[in-house]
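To be precise, the following lines are my_file_37.json, and they hold JSON, C-alpha atoms.
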```json
[["chain", "number", "residue", "atom", "x", "y", "z"],
["A", 10, "LEU", "CA", 132.42, 216.26, 175.90],
["A", 11, "THR", "CA", 133.40, 212.59, 175.59],
["A", 12, "THR", "CA", 132.32, 209.28, 177.11],
["A", 13, "ASP", "CA", 133.42, 205.72, 177.82],
["A", 14, "GLY", "CA", 129.82, 204.50, 177.93],
["A", 15, "THR", "CA", 129.63, 204.56, 181.74],
["A", 16, "ALA", "CA", 130.47, 208.20, 182.40],
["A", 17, "LEU", "CA", 130.60, 211.56, 180.67],
["A", 18, "PHE", "CA", 133.79, 213.61, 180.81],
["A", 19, "ILE", "CA", 133.39, 217.36, 180.46],
["A", 20, "SER", "CA", 135.91, 220.10, 179.85],
["A", 21, "ASP", "CA", 134.59, 223.01, 181.92],
["A", 22, "GLY", "CA", 136.14, 226.10, 180.35],
["A", 23, "HIS", "CA", 134.38, 228.47, 182.76],
["A", 24, "PHE", "CA", 135.71, 226.98, 186.00],
["A", 25, "LYS", "CA", 138.91, 225.50, 184.42],
["A", 26, "LEU", "CA", 138.00, 221.96, 185.50],
["A", 27, "ILE", "CA", 137.66, 218.47, 184.07],
["A", 28, "ARG", "CA", 134.49, 216.88, 185.45],
["A", 29, "LYS", "CA", 133.01, 213.37, 185.40],
["A", 30, "ILE", "CA", 129.29, 212.50, 185.42],
["A", 31, "ASN", "CA", 128.35, 208.94, 186.31],
["A", 32, "LEU", "CA", 125.65, 207.88, 183.82],
["A", 33, "THR", "CA", 124.04, 205.49, 186.34],
["A", 34, "THR", "CA", 123.93, 207.70, 189.44],
["A", 35, "SER", "CA", 124.29, 211.17, 187.83],
["A", 36, "ASN", "CA", 126.95, 211.95, 190.47],
["A", 37, "ILE", "CA", 129.35, 214.70, 189.41],
["A", 38, "THR", "CA", 133.00, 214.64, 190.48],
["A", 39, "THR", "CA", 135.93, 216.89, 189.62],
["A", 40, "ILE", "CA", 138.87, 214.96, 188.19],
["A", 41, "ALA", "CA", 141.39, 217.76, 187.79],
["A", 42, "GLY", "CA", 141.83, 221.51, 187.82],
["A", 43, "LYS", "CA", 141.25, 224.42, 190.15],
["A", 44, "LEU", "CA", 143.37, 227.44, 189.23],
["A", 45, "TRP", "CA", 143.87, 229.35, 185.99],
["A", 46, "SER", "CA", 147.33, 228.22, 184.86],
["A", 47, "TYR", "CA", 149.23, 225.58, 182.84],
["A", 48, "ALA", "CA", 150.73, 223.54, 185.69],
["A", 49, "ASP", "CA", 151.00, 219.77, 185.43],
["A", 50, "GLY", "CA", 150.05, 217.82, 188.52],
["A", 51, "THR", "CA", 147.38, 215.61, 190.05],
["A", 52, "GLY", "CA", 143.84, 216.66, 190.92],
["A", 53, "GLU", "CA", 143.68, 220.30, 192.00],
["A", 54, "ASN", "CA", 147.41, 220.65, 191.27],
["A", 55, "GLY", "CA", 146.76, 219.97, 187.60],
["A", 56, "GLU", "CA", 145.81, 223.40, 186.30],
["A", 57, "PHE", "CA", 144.20, 224.55, 183.04],
["A", 58, "ARG", "CA", 144.10, 227.93, 181.36],
["A", 59, "TYR", "CA", 141.49, 227.52, 178.60],
["A", 60, "PRO", "CA", 140.32, 223.87, 178.58],
["A", 61, "GLY", "CA", 138.37, 223.33, 175.38],
["A", 62, "LYS", "CA", 137.77, 220.28, 173.20],
["A", 63, "ILE", "CA", 138.18, 216.85, 174.76],
["A", 64, "VAL", "CA", 138.53, 213.32, 173.32],
["A", 65, "ARG", "CA", 139.05, 209.92, 174.91],
["A", 66, "ILE", "CA", 141.72, 207.55, 173.58],
["A", 67, "GLY", "CA", 142.17, 204.27, 175.41],
["A", 68, "THR", "CA", 141.57, 205.11, 179.06],
["A", 69, "ASP", "CA", 143.06, 208.62, 178.88],
["A", 70, "LEU", "CA", 141.46, 211.98, 178.15],
["A", 71, "TYR", "CA", 143.10, 214.53, 175.86],
["A", 72, "VAL", "CA", 142.13, 218.17, 176.28],
["A", 73, "SER", "CA", 142.98, 221.16, 174.12],
["A", 74, "ASP", "CA", 144.19, 224.01, 176.32],
["A", 75, "GLU", "CA", 144.62, 227.14, 174.18],
["A", 76, "TYR", "CA", 147.62, 226.12, 171.97],
["A", 77, "ARG", "CA", 148.51, 223.08, 174.05],
["A", 78, "PHE", "CA", 147.38, 219.49, 174.45],
["A", 79, "ARG", "CA", 147.02, 218.05, 177.96],
["A", 80, "LYS", "CA", 146.62, 214.39, 178.89],
["A", 81, "VAL", "CA", 144.40, 213.53, 181.86],
["A", 82, "ASP", "CA", 144.25, 210.17, 183.63],
["A", 83, "PRO", "CA", 140.61, 209.98, 184.77],
["A", 84, "ALA", "CA", 141.46, 207.35, 187.39],
["A", 85, "THR", "CA", 144.07, 209.44, 189.23],
["A", 86, "GLY", "CA", 143.44, 212.99, 187.99],
["A", 87, "ALA", "CA", 147.06, 213.28, 186.82],
["A", 88, "VAL", "CA", 147.52, 216.04, 184.22],
["A", 89, "VAL", "CA", 150.52, 216.06, 181.85],
["A", 90, "SER", "CA", 151.28, 218.48, 179.02],
["A", 91, "ILE", "CA", 152.15, 216.75, 175.75],
["A", 92, "GLN", "CA", 155.49, 217.89, 174.37],
["A", 93, "ILE", "CA", 154.94, 218.49, 170.66],
["A", 94, "SER", "CA", 157.12, 219.24, 167.63],
["A", 95, "GLY", "CA", 156.69, 219.49, 163.88],
["A", 96, "ASP", "CA", 154.38, 221.75, 161.87],
["A", 97, "SER", "CA", 153.18, 225.04, 163.33],
["A", 98, "PHE", "CA", 149.54, 225.88, 163.97],
["A", 99, "SER", "CA", 147.53, 228.58, 165.75],
["A", 100, "TYR", "CA", 144.46, 227.98, 167.90],
["A", 101, "ILE", "CA", 142.91, 224.53, 168.00],
["A", 102, "ASP", "CA", 139.50, 224.67, 166.34],
["A", 103, "ARG", "CA", 137.79, 221.29, 165.79],
["A", 104, "LEU", "CA", 139.10, 218.08, 167.35],
["A", 105, "THR", "CA", 138.57, 214.34, 166.86],
["A", 106, "SER", "CA", 140.42, 211.02, 167.08],
["A", 107, "ASP", "CA", 140.73, 207.81, 165.09],
["A", 108, "GLY", "CA", 141.26, 205.90, 168.34],
["A", 109, "THR", "CA", 145.06, 206.16, 168.13],
["A", 110, "ASP", "CA", 145.99, 209.75, 167.27],
["A", 111, "ILE", "CA", 144.42, 213.20, 167.41],
["A", 112, "TYR", "CA", 143.24, 215.14, 164.37],
["A", 113, "PHE", "CA", 142.40, 218.83, 164.57],
["A", 114, "SER", "CA", 141.82, 221.91, 162.46],
["A", 115, "SER", "CA", 143.52, 225.27, 162.76],
["A", 116, "TYR", "CA", 143.68, 228.46, 160.72],
["A", 117, "VAL", "CA", 147.09, 229.02, 159.15],
["A", 118, "SER", "CA", 148.27, 232.38, 157.78],
["A", 119, "GLY", "CA", 150.67, 232.20, 154.87],
["A", 120, "GLY", "CA", 149.91, 234.44, 151.90],
["A", 121, "ASN", "CA", 148.13, 232.57, 149.13],
["A", 122, "SER", "CA", 148.08, 229.39, 151.21],
["A", 123, "SER", "CA", 146.21, 230.95, 154.15],
["A", 124, "GLY", "CA", 143.15, 229.07, 155.34],
["A", 125, "TYR", "CA", 141.92, 226.25, 157.51],
["A", 126, "LYS", "CA", 144.20, 223.21, 157.57],
["A", 127, "LEU", "CA", 143.94, 219.75, 159.08],
["A", 128, "PHE", "CA", 146.66, 218.38, 161.34],
["A", 129, "LYS", "CA", 147.55, 215.05, 162.90],
["A", 130, "LEU", "CA", 149.12, 214.81, 166.36],
["A", 131, "SER", "CA", 150.91, 211.49, 166.73],
["A", 132, "LEU", "CA", 150.64, 210.51, 170.38],
["A", 133, "ALA", "CA", 153.53, 208.06, 169.99],
["A", 134, "ASP", "CA", 156.12, 210.82, 169.49],
["A", 135, "GLY", "CA", 154.28, 214.16, 169.81],
["A", 136, "VAL", "CA", 154.89, 215.11, 166.17],
["A", 137, "VAL", "CA", 152.33, 217.42, 164.55],
["A", 138, "SER", "CA", 151.99, 217.12, 160.77],
["A", 139, "MET", "CA", 149.72, 218.92, 158.33],
["A", 140, "LEU", "CA", 147.58, 216.58, 156.23],
["A", 141, "ASP", "CA", 148.14, 216.63, 152.47],
["A", 142, "LEU", "CA", 144.70, 216.55, 150.88],
["A", 143, "VAL", "CA", 144.14, 215.62, 147.21],
["A", 144, "ASP", "CA", 141.20, 215.28, 144.86],
["A", 145, "ASP", "CA", 140.48, 212.48, 142.36],
["A", 146, "ASP", "CA", 143.02, 213.96, 139.93],
["A", 147, "GLY", "CA", 145.79, 214.11, 142.53],
["A", 148, "ASP", "CA", 145.64, 217.91, 142.79],
["A", 149, "THR", "CA", 145.81, 219.71, 146.12],
["A", 150, "TYR", "CA", 142.41, 220.09, 147.79],
["A", 151, "SER", "CA", 141.75, 223.22, 149.86],
["A", 152, "ILE", "CA", 139.07, 223.40, 152.52],
["A", 153, "GLY", "CA", 137.06, 226.33, 153.87],
["A", 154, "SER", "CA", 135.76, 227.07, 157.34],
["A", 155, "ILE", "CA", 135.00, 223.81, 159.13],
["A", 156, "LEU", "CA", 131.58, 223.39, 160.74],
["A", 157, "GLY", "CA", 132.10, 219.85, 162.06],
["A", 158, "LEU", "CA", 134.79, 217.17, 162.33],
["A", 159, "ALA", "CA", 134.41, 213.46, 163.13],
["A", 160, "SER", "CA", 136.15, 210.14, 162.45],
["A", 161, "ASP", "CA", 135.21, 206.49, 162.12],
["A", 162, "GLY", "CA", 138.81, 205.32, 162.57],
["A", 163, "THR", "CA", 139.46, 205.03, 158.83],
["A", 164, "ASN", "CA", 138.24, 208.38, 157.50],
["A", 165, "LEU", "CA", 137.74, 211.93, 158.64],
["A", 166, "PHE", "CA", 134.35, 213.52, 158.01],
["A", 167, "LEU", "CA", 134.05, 217.28, 157.66],
["A", 168, "ALA", "CA", 131.18, 219.71, 157.32],
["A", 169, "VAL", "CA", 132.53, 222.68, 155.38],
["A", 170, "SER", "CA", 131.07, 226.17, 155.09],
["A", 171, "THR", "CA", 130.72, 226.46, 151.32],
["A", 172, "SER", "CA", 127.81, 227.41, 149.08],
["A", 173, "PRO", "CA", 126.05, 225.03, 148.89],
["A", 174, "LYS", "CA", 127.16, 223.35, 152.13],
["A", 175, "THR", "CA", 129.52, 220.43, 151.54],
["A", 176, "PHE", "CA", 130.46, 217.34, 153.53],
["A", 177, "LEU", "CA", 133.84, 215.72, 152.94],
["A", 178, "ARG", "CA", 135.15, 212.22, 153.52],
["A", 179, "ILE", "CA", 138.94, 212.14, 153.80],
["A", 180, "SER", "CA", 140.89, 208.89, 153.73],
["A", 181, "LEU", "CA", 143.40, 208.87, 156.59],
["A", 182, "GLN", "CA", 145.64, 206.56, 154.59],
["A", 183, "THR", "CA", 145.81, 208.49, 151.31],
["A", 184, "GLY", "CA", 144.42, 211.97, 151.99],
["A", 185, "LEU", "CA", 141.90, 211.52, 149.15],
["A", 186, "VAL", "CA", 138.93, 213.86, 149.53],
["A", 187, "THR", "CA", 135.43, 212.81, 148.46],
["A", 188, "PRO", "CA", 132.91, 215.71, 148.51],
["A", 189, "TYR", "CA", 129.16, 215.40, 149.03],
["A", 190, "THR", "CA", 126.87, 218.37, 148.33],
["A", 191, "THR", "CA", 123.58, 219.12, 150.06],
["A", 192, "GLY", "CA", 121.85, 220.52, 146.99],
["A", 193, "GLY", "CA", 121.31, 223.96, 148.47],
["A", 194, "VAL", "CA", 120.02, 222.91, 151.90],
["A", 195, "THR", "CA", 120.72, 225.68, 154.41],
["A", 196, "LEU", "CA", 122.64, 224.43, 157.44],
["A", 197, "PRO", "CA", 123.66, 226.31, 160.59],
["A", 198, "TRP", "CA", 126.95, 226.27, 162.47],
["A", 199, "PHE", "CA", 127.37, 222.88, 164.18],
["A", 200, "ASN", "CA", 128.34, 222.58, 167.83],
["A", 201, "GLY", "CA", 129.23, 218.91, 167.48],
["A", 202, "MET", "CA", 129.31, 216.10, 164.93],
["A", 203, "GLU", "CA", 129.49, 212.32, 165.43],
["A", 204, "LYS", "CA", 129.71, 209.31, 163.10],
["A", 205, "ILE", "CA", 127.36, 206.46, 164.06],
["A", 206, "GLY", "CA", 126.89, 203.56, 161.68],
["A", 207, "ASP", "CA", 126.44, 204.86, 158.15],
["A", 208, "SER", "CA", 125.28, 208.34, 159.17],
["A", 209, "LEU", "CA", 126.66, 211.56, 160.57],
["A", 210, "PHE", "CA", 124.78, 213.32, 163.36],
["A", 211, "ALA", "CA", 125.26, 217.02, 164.06],
["A", 212, "SER", "CA", 123.81, 219.33, 166.70],
["A", 213, "SER", "CA", 122.99, 223.02, 166.47],
["A", 214, "SER", "CA", 120.83, 225.12, 168.78],
["A", 215, "SER", "CA", 117.78, 222.95, 169.61],
["A", 216, "SER", "CA", 118.10, 220.61, 166.61],
["A", 217, "ILE", "CA", 119.93, 217.39, 165.76],
["A", 218, "TYR", "CA", 120.55, 216.57, 162.12],
["A", 219, "GLU", "CA", 121.16, 213.22, 160.45],
["A", 220, "ILE", "CA", 123.37, 213.34, 157.34],
["A", 221, "GLU", "CA", 123.45, 210.36, 154.98],
["A", 222, "LEU", "CA", 126.24, 210.26, 152.39],
["A", 223, "SER", "CA", 125.66, 208.48, 149.08],
["A", 224, "GLY", "CA", 127.16, 208.93, 145.63],
["A", 225, "SER", "CA", 127.99, 212.64, 145.52],
["A", 226, "SER", "CA", 125.05, 213.77, 147.66],
["A", 227, "ALA", "CA", 124.50, 214.46, 151.34],
["A", 228, "THR", "CA", 120.90, 214.00, 152.42],
["A", 229, "VAL", "CA", 120.11, 216.04, 155.54],
["A", 230, "SER", "CA", 117.11, 215.45, 157.80],
["A", 231, "THR", "CA", 116.14, 216.86, 161.19],
["A", 232, "LEU", "CA", 115.55, 214.29, 163.94],
["A", 233, "SER", "CA", 112.15, 214.25, 165.58],
["A", 234, "LEU", "CA", 112.90, 214.38, 169.31],
["A", 235, "SER", "CA", 110.54, 213.05, 171.97],
["A", 236, "GLY", "CA", 110.71, 213.32, 175.74],
["A", 237, "ILE", "CA", 111.94, 216.94, 175.93],
["A", 238, "ASP", "CA", 110.01, 219.34, 178.12],
["A", 239, "ASN", "CA", 108.65, 221.83, 175.58],
["A", 240, "SER", "CA", 108.08, 224.39, 178.34],
["A", 241, "THR", "CA", 111.82, 224.92, 178.65],
["A", 242, "SER", "CA", 114.18, 226.33, 176.05],
["A", 243, "VAL", "CA", 116.70, 223.77, 174.78],
["A", 244, "ASN", "CA", 120.00, 224.91, 173.33],
["A", 245, "PHE", "CA", 122.47, 222.08, 172.73],
["A", 246, "ASP", "CA", 126.16, 222.77, 173.15],
["A", 247, "LYS", "CA", 128.67, 219.90, 173.23],
["A", 248, "MET", "CA", 127.96, 216.38, 171.93],
["A", 249, "THR", "CA", 129.47, 212.91, 172.07],
["A", 250, "SER", "CA", 128.22, 209.38, 171.40],
["A", 251, "SER", "CA", 128.36, 205.82, 172.67],
["A", 252, "GLY", "CA", 126.69, 202.97, 170.82],
["A", 253, "ASN", "CA", 123.41, 204.25, 169.39],
["A", 254, "SER", "CA", 123.09, 207.08, 171.90],
["A", 255, "LEU", "CA", 124.03, 210.72, 171.66],
["A", 256, "TYR", "CA", 124.92, 212.69, 174.79],
["A", 257, "LEU", "CA", 124.56, 216.47, 174.73],
["A", 258, "SER", "CA", 125.15, 219.30, 177.15],
["A", 259, "GLY", "CA", 123.18, 222.52, 177.31],
["A", 260, "SER", "CA", 124.72, 225.91, 176.61],
["A", 261, "SER", "CA", 124.22, 227.37, 180.11],
["A", 262, "SER", "CA", 125.87, 226.36, 183.38],
["A", 263, "ASN", "CA", 122.58, 225.12, 184.89],
["A", 264, "SER", "CA", 121.38, 223.22, 181.81],
["A", 265, "PRO", "CA", 120.69, 219.49, 182.13],
["A", 266, "MET", "CA", 122.55, 216.81, 180.21],
["A", 267, "TYR", "CA", 120.59, 215.00, 177.51],
["A", 268, "ARG", "CA", 120.77, 211.44, 176.24],
["A", 269, "VAL", "CA", 119.18, 210.83, 172.86],
["A", 270, "ASN", "CA", 118.60, 207.20, 171.93],
["A", 271, "LEU", "CA", 118.54, 206.79, 168.17],
["A", 272, "VAL", "CA", 115.61, 204.66, 167.03],
["A", 273, "GLU", "CA", 114.92, 203.60, 163.45],
["A", 274, "ALA", "CA", 111.21, 203.62, 162.69],
["A", 275, "GLY", "CA", 109.56, 201.14, 160.37],
["A", 276, "SER", "CA", 109.84, 203.62, 157.49],
["A", 277, "GLY", "CA", 113.61, 203.75, 157.92],
["A", 278, "VAL", "CA", 113.44, 207.22, 159.46],
["A", 279, "THR", "CA", 115.65, 207.77, 162.52],
["A", 280, "THR", "CA", 114.09, 209.45, 165.55],
["A", 281, "GLY", "CA", 115.52, 210.44, 168.91],
["A", 282, "GLU", "CA", 114.16, 209.46, 172.32],
["A", 283, "THR", "CA", 115.46, 211.67, 175.15]]
```
What would the structure in this file look like if it were written as structure tokens?
Amino acid sequence: LTTDGTALFISDGHFKLIRKINLTTSNITTIAGKLWSYADGTGENGEFRYPGKIVRIGTDLYVSDEYRFRKVDPATGAVVSIQISGDSFSYIDRLTSDGTDIYFSSYVSGGNSSGYKLFKLSLADGVVSMLDLVDDDGDTYSIGSILGLASDGTNLFLAVSTSPKTFLRISLQTGLVTPYTTGGVTLPWFNGMEKIGDSLFASSSSSIYEIELSGSSATVSTLSLSGIDNSTSVNFDKMTSSGNSLYLSGSSSNSPMYRVNLVEAGSGVTTGET
């Protein structure tokens, strides 16, 4: 799920389609896709096998498709596979962008060095390179299972499945890792994570969390949401953001889309109006 502020763009893995939802009219249109394949083409002739994560860079959409990256022009529906080279990776797990290139996580098997790694896909030349991560002492920093991945254009932000849960800030320029611990707060698996202002926002099940990073600590709070029909079961799936609004999809095919406007109360506590 991604947005340009006027429309939502959705990677529909079930029907192998890329869809657009107009935020003003709520009209839904299919940009590309129809059959289960890897063919490049325009509109229905642009085919996907397992369309997954999606990000928007400039005016183009970039979709992970199993082990591939596909570029979609939302204006024409043209689908092109990105020819890549460089470091090897397996499936594409988490995905984000700094506004210029794509950053993603993937599990790499390699003896003592096996584990989740971070990669950069340079869109200028298609080269994939593994990020070299270091701690304050210049030693190699290893990461565990990644719960969430976001970027503010200068840093990557990760939620990592450790005990206690840890959030990481990674400088894109130097690879320096700054960890923030939650002090034993139990956190679930995140479906999405976004960086807005000074905070991270993550979704899981029916909850949205705000994470504030300061010093060496990550302070986690659950947003109070208003405007949701409590008679229906809400289970958030994908999430994106534009300005001070979060946009979330439900986990089932007939679930509505949600917009959560972030509002700071007089006490400094952030709430969400849906």
Can you pull out the residues contacting Leu32 in chain A? Cut-off 9 Å, using only C-alpha atoms, and skip same-chain residues under 6 positions away; I want them as a list in words.
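Once the nearby chain positions are removed, what remains is Gly14, Thr15, Ala16 and Leu17 of chain A.
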Using only C-alpha atoms, give me every residue within 9 Å of (138.4, 220.2, 184.6) in file coordinates, as a list in words.
Phe18, Ile19, Ser20, Asp21, Gly22, Phe24, Lys25, Leu26, Ile27, Arg28, Lys29, Thr39, Ile40, Ala41, Gly42, Lys43, Gly55, Glu56, Phe57 and Pro60 of chain A
Keeping only C-alpha atoms, write the selected residues to a file as an mmCIF file, in the frame of the given file.
```cif
data_model
loop_
_atom_site.group_PDB
_atom_site.id
_atom_site.type_symbol
_atom_site.label_atom_id
_atom_site.label_comp_id
_atom_site.auth_asym_id
_atom_site.auth_seq_id
_atom_site.Cartn_x
_atom_site.Cartn_y
_atom_site.Cartn_z
ATOM 1 C CA PHE A 18 133.790 213.610 180.810
ATOM 2 C CA ILE A 19 133.390 217.360 180.460
ATOM 3 C CA SER A 20 135.910 220.100 179.850
ATOM 4 C CA ASP A 21 134.590 223.010 181.920
ATOM 5 C CA GLY A 22 136.140 226.100 180.350
ATOM 6 C CA PHE A 24 135.710 226.980 186.000
ATOM 7 C CA LYS A 25 138.910 225.500 184.420
ATOM 8 C CA LEU A 26 138.000 221.960 185.500
ATOM 9 C CA ILE A 27 137.660 218.470 184.070
ATOM 10 C CA ARG A 28 134.490 216.880 185.450
ATOM 11 C CA LYS A 29 133.010 213.370 185.400
ATOM 12 C CA THR A 39 135.930 216.890 189.620
ATOM 13 C CA ILE A 40 138.870 214.960 188.190
ATOM 14 C CA ALA A 41 141.390 217.760 187.790
ATOM 15 C CA GLY A 42 141.830 221.510 187.820
ATOM 16 C CA LYS A 43 141.250 224.420 190.150
ATOM 17 C CA GLY A 55 146.760 219.970 187.600
ATOM 18 C CA GLU A 56 145.810 223.400 186.300
ATOM 19 C CA PHE A 57 144.200 224.550 183.040
ATOM 20 C CA PRO A 60 140.320 223.870 178.580
#
```
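Pairwise distance (CA of Ile111 in chain A, CA of Ser216 in chain A) equals 27.4 Å.
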Kindly indicate which residue among A:Thr163, A:Ser115, A:Ser122, A:Thr38 lies nearest to Tyr150 in chain A, using only C-alpha atoms for the distances.
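Checking each candidate against Tyr150 in chain A, we get A:Ser122 as the closest.
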Show me, as CSV, the residues of range 22-110 of chain A having an atom within 10 Å of range 125-128 of chain A, each with the closest atom pair and its distance in Å, using only C-alpha atoms.
```
residue,atom,partner,partner_atom,distance
A:Asp96,CA,A:Phe128,CA,8.4
A:Ser97,CA,A:Phe128,CA,9.5
A:Phe98,CA,A:Phe128,CA,8.5
A:Ile101,CA,A:Phe128,CA,9.8
A:Asp102,CA,A:Tyr125,CA,9.3
A:Arg103,CA,A:Leu127,CA,9.2
A:Leu104,CA,A:Phe128,CA,9.7
```
Measuring atom to atom with only C-alpha atoms, identify which of A:Thr187, A:Ser131, A:Ser212, A:Ser235 is nearest to Leu156 in chain A.
A:Ser212
Using all atoms listed in the file, tabulate the residues of range 126-210 of chain A lying at most 6 Å from any atom of range 219-232 of chain A, each with its closest atom pair and that distance in Å to one decimal, by chain and increasing residue number, as JSON lines.
```
{"residue": "A:Tyr189", "atom": "CA", "partner": "A:Ser225", "partner_atom": "CA", "distance": 4.6}
{"residue": "A:Thr190", "atom": "CA", "partner": "A:Ser226", "partner_atom": "CA", "distance": 5.0}
{"residue": "A:Thr191", "atom": "CA", "partner": "A:Ala227", "partner_atom": "CA", "distance": 4.9}
{"residue": "A:Ser208", "atom": "CA", "partner": "A:Glu221", "partner_atom": "CA", "distance": 5.0}
{"residue": "A:Leu209", "atom": "CA", "partner": "A:Ile220", "partner_atom": "CA", "distance": 4.9}
{"residue": "A:Phe210", "atom": "CA", "partner": "A:Glu219", "partner_atom": "CA", "distance": 4.6}
```
Nearest to Asp141 in chain A, chosen from A:Val186, A:Leu177, A:Ile93, A:Leu167, with only C-alpha atoms counted in the distances
A:Val186
Between CA of Lys80 in chain A and CA of Trp45 in chain A, what is the distance, to one decimal in Å?
16.8 Å
Given 5 Å on each side, where is the centre and what are the edge lengths in Å to one decimal of the axis-aligned box enclosing the listed atoms of range 19-32 of chain A, as JSON?
```
{"center_x": 132.3, "center_y": 218.2, "center_z": 183.1, "size_x": 23.3, "size_y": 30.6, "size_z": 16.5}
```
Interatomic distance, CA of Ser123 in chain A to CA of Arg79 in chain A (Å, one decimal)
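Separation between CA of Ser123 in chain A and CA of Arg79 in chain A: 27.1 Å.
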What lies within 6 Å of Ile179 in chain A using all atoms listed in the file, ignoring chain neighbours under 4 positions off, as a list in words?
Asn164, Leu165, Gly184, Leu185 and Val186 of chain A
Just checking: using only C-alpha atoms, which residue out of A:Ala133, A:Leu10, A:Val272, A:Met266 ends up closest to Ser35 in chain A?
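Among the listed residues, A:Met266 lies closest to Ser35 in chain A.
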Nearest to Gly67 in chain A by atom-to-atom distance, counting only C-alpha atoms, from A:Val117, A:Leu132, A:Ile37, A:Leu140
A:Leu132
